[in-house]
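To start, the structure under review is shown below, and the notes come after it.
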Amino acid sequence: MNPSCGRCNLVVYPTEKVNCLDKYWHKGCFSCEVCKMTLNMKNYKGFEKRPYCNAHYPKTNFTCVADTPENLRLKQQSQMQSQVRYREDFEKNKGKGFSVVTDTPELQRIKKSQNQISNSKYHEDFERRKMGEVPVHKPSNPGPGAFQPPAAPKNIHSEQDPEPVQPAAAAPPSSGKRYRAVYDYAAADEDEVSFVDGDVIIDVQTIDEGWMYGRVERTGQQGMLPANYVE
């Protein structure tokens, strides 16, 4: 059975049949939708399964998808959900002094560098305090020179009291606090101590939030140690 023409709906015979745009056309019916110029397989342009000449081919103007009412509604709903989530995160982290930031490799590197700089500053401040004040924390092998700073103020009032100065200077490290190491730690500086998991740290004094000063009961060494390595 012969098919019908896509324009005039009459029967198309094989001798005059043009098969294009998923339809069958008479050669004379295969023309531009606007100017009715007869087209062929080389000069036609199809749009929505209709033939057009090059001059009258519809311009495909791109319209903004958000201009449709449905997409405007979805956009507004998405913005509302984003604001609700932002408020939830803000209330959750309010007062903590930081905002929610993705933990990317770059931020981890920056955080590690800041920790190293902070540790260096702790050591520098500790050394300054040792040089400018009476040393509260003693190294593992105290020598005679280590006790000279506290001896000097005593000699101002009385030169007959050199002997009691040494035990008085050794007393501050003993505060009675005891901690247990939960990680292994290798000393990174001369004023630090090394210990292993399970070691008991005695005579502990808190320097700041990140560092303590104490003595390892197993080895007898004393010095600075990170606070987050003990409990």
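In the structure tokens, chains take the letters A, B, ... in the order shown, each chain's residues start at 1, and ligands count up from 1 in the order shown.
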
- Task: Would you list the contacts of Glu16 in chain A as an NGL selection string, taking every protein, DNA or RNA residue within 6 Å and counting only C-alpha atoms, but skipping same-chain residues closer than 2 positions in sequence?
- Result: :A and (13-14 or 26-27)

- Item | Counting only C-alpha atoms, the option among A:Gln222, A:Thr68, A:Asn19, A:Ser82 closest to Met41 in chain A | A:Asn19

- Task: Calculate how many Å separate CA of Val196 in chain A from CA of Ser118 in chain A, rounding to one decimal.
- Result: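 Computed distance, CA of Val196 in chain A to CA of Ser118 in chain A, equals 23.6 Å.
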
- Test item: residues at most 9 Å from Leu21 in chain A, only C-alpha atoms, excluding those fewer than 3 positions along its chain, as a PyMOL selection string: chain A and resi 24+46-51

- Task: For Cys5 in chain A, work out the shell of residues within 10 Å, counting only C-alpha atoms and skipping chain neighbours fewer than 2 positions away, then give it as a PyMOL selection string.
- Result: chain A and resi 2-3+7-13+17-19+23-27+29-30

- Task: May I have the residues within 7 Å of Val193 in chain A as a list in words, using only C-alpha atoms and disregarding those fewer than 2 positions away in the same chain?
- Result: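 My reading of the contact set: Ala187, Asp191, Phe195, Gln221, Gln222, Gly223, Met224 and Leu225 of chain A.
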
With all heavy atoms retained, write the just-selected residues as a CSV table (one decimal), in the first residue's frame.
```csv
chain,number,residue,atom,x,y,z
A,187,ALA,N,60.9,13.3,71.3
A,187,ALA,CA,61.2,14.7,71.6
A,187,ALA,C,61.8,15.3,70.3
A,187,ALA,O,62.6,14.8,69.6
A,187,ALA,CB,62.2,14.8,72.7
A,191,ASP,N,64.3,20.8,75.0
A,191,ASP,CA,63.6,21.0,76.3
A,191,ASP,C,62.3,20.1,76.3
A,191,ASP,O,61.5,20.2,77.2
A,191,ASP,CB,63.2,22.4,76.4
A,191,ASP,CG,62.3,22.9,75.2
A,191,ASP,OD1,62.2,22.1,74.2
A,191,ASP,OD2,61.8,24.0,75.3
A,195,PHE,N,58.5,9.7,75.3
A,195,PHE,CA,57.8,8.6,76.1
A,195,PHE,C,57.1,7.7,75.2
A,195,PHE,O,56.9,8.0,74.0
A,195,PHE,CB,56.9,9.3,77.1
A,195,PHE,CG,55.9,10.3,76.6
A,195,PHE,CD1,54.7,9.9,75.9
A,195,PHE,CD2,56.2,11.6,76.6
A,195,PHE,CE1,53.9,10.8,75.4
A,195,PHE,CE2,55.4,12.6,76.1
A,195,PHE,CZ,54.2,12.2,75.5
A,221,GLN,N,63.3,11.4,83.0
A,221,GLN,CA,63.5,12.6,82.3
A,221,GLN,C,62.3,13.6,82.5
A,221,GLN,O,61.2,13.2,82.6
A,221,GLN,CB,63.6,12.3,80.8
A,221,GLN,CG,64.9,11.5,80.4
A,221,GLN,CD,64.9,11.2,78.9
A,221,GLN,OE1,64.0,11.4,78.2
A,221,GLN,NE2,66.1,10.8,78.5
A,222,GLN,N,62.6,14.9,82.4
A,222,GLN,CA,61.6,15.9,82.6
A,222,GLN,C,61.7,17.0,81.5
A,222,GLN,O,62.9,17.3,81.1
A,222,GLN,CB,61.6,16.5,84.0
A,222,GLN,CG,62.9,17.1,84.4
A,222,GLN,CD,62.8,17.6,85.8
A,222,GLN,OE1,61.9,17.4,86.6
A,222,GLN,NE2,63.8,18.4,86.3
A,223,GLY,N,60.6,17.5,81.2
A,223,GLY,CA,60.7,18.6,80.1
A,223,GLY,C,59.2,18.8,79.6
A,223,GLY,O,58.3,18.3,80.2
A,224,MET,N,59.2,19.5,78.5
A,224,MET,CA,57.9,19.8,77.9
A,224,MET,C,57.3,18.6,77.1
A,224,MET,O,58.1,17.8,76.5
A,224,MET,CB,58.0,21.0,76.9
A,224,MET,CG,58.4,22.3,77.6
A,224,MET,SD,58.6,23.6,76.5
A,224,MET,CE,57.0,23.7,75.8
A,225,LEU,N,56.0,18.5,77.0
A,225,LEU,CA,55.3,17.4,76.3
A,225,LEU,C,54.0,17.9,75.8
A,225,LEU,O,53.4,18.8,76.4
A,225,LEU,CB,55.1,16.2,77.2
A,225,LEU,CG,54.3,16.4,78.4
A,225,LEU,CD1,53.4,15.2,78.6
A,225,LEU,CD2,55.2,16.6,79.6
```

- Members of range 6-74 of chain A assigned strand (DSSP E) by DSSP, as an MDAnalysis selection string: chainID A and resid 17:20 23:26 45:47 50:52

For the selection just defined, write its residues with N, CA, C and O atoms to a file, as a compact mmCIF listing (two decimals), in the first residue's frame.
```txt
# COMPACT_ATOMS: atom_id res chain seq x y z
N LYS A 17 8.04 9.86 -5.22
CA LYS A 17 8.12 9.82 -3.74
C LYS A 17 9.45 10.41 -3.26
O LYS A 17 10.51 10.12 -3.80
N VAL A 18 9.35 11.25 -2.24
CA VAL A 18 10.52 11.78 -1.53
C VAL A 18 10.39 11.36 -0.06
O VAL A 18 9.41 11.73 0.61
N ASN A 19 11.37 10.61 0.44
CA ASN A 19 11.35 10.13 1.83
C ASN A 19 12.30 11.00 2.66
O ASN A 19 13.51 10.92 2.53
N CYS A 20 11.70 11.82 3.52
CA CYS A 20 12.53 12.74 4.34
C CYS A 20 11.75 13.16 5.57
O CYS A 20 10.50 13.24 5.56
N LYS A 23 8.77 11.22 6.87
CA LYS A 23 7.50 11.27 6.14
C LYS A 23 7.78 11.03 4.65
O LYS A 23 8.93 11.04 4.21
N TYR A 24 6.67 10.85 3.89
CA TYR A 24 6.75 10.71 2.44
C TYR A 24 6.10 11.94 1.81
O TYR A 24 5.05 12.42 2.29
N TRP A 25 6.73 12.46 0.75
CA TRP A 25 6.25 13.69 0.12
C TRP A 25 6.21 13.50 -1.41
O TRP A 25 6.99 12.75 -1.99
N HIS A 26 5.26 14.23 -2.04
CA HIS A 26 5.36 14.43 -3.47
C HIS A 26 6.53 15.37 -3.73
O HIS A 26 6.83 16.24 -2.90
N LYS A 45 16.18 22.30 5.09
CA LYS A 45 16.52 22.26 6.49
C LYS A 45 15.27 21.88 7.27
O LYS A 45 14.20 22.47 7.06
N GLY A 46 15.41 20.90 8.13
CA GLY A 46 14.25 20.41 8.85
C GLY A 46 14.13 21.02 10.23
O GLY A 46 15.11 21.22 10.94
N PHE A 47 12.90 21.34 10.60
CA PHE A 47 12.61 21.85 11.95
C PHE A 47 11.26 21.33 12.36
O PHE A 47 10.24 21.59 11.71
N ARG A 50 9.37 19.53 9.67
CA ARG A 50 8.83 20.32 8.58
C ARG A 50 10.00 20.88 7.77
O ARG A 50 11.00 21.32 8.35
N PRO A 51 9.90 20.92 6.43
CA PRO A 51 11.00 21.43 5.61
C PRO A 51 10.97 22.96 5.50
O PRO A 51 9.91 23.56 5.41
N TYR A 52 12.17 23.55 5.50
CA TYR A 52 12.31 25.00 5.36
C TYR A 52 13.49 25.26 4.43
O TYR A 52 14.45 24.47 4.35
```
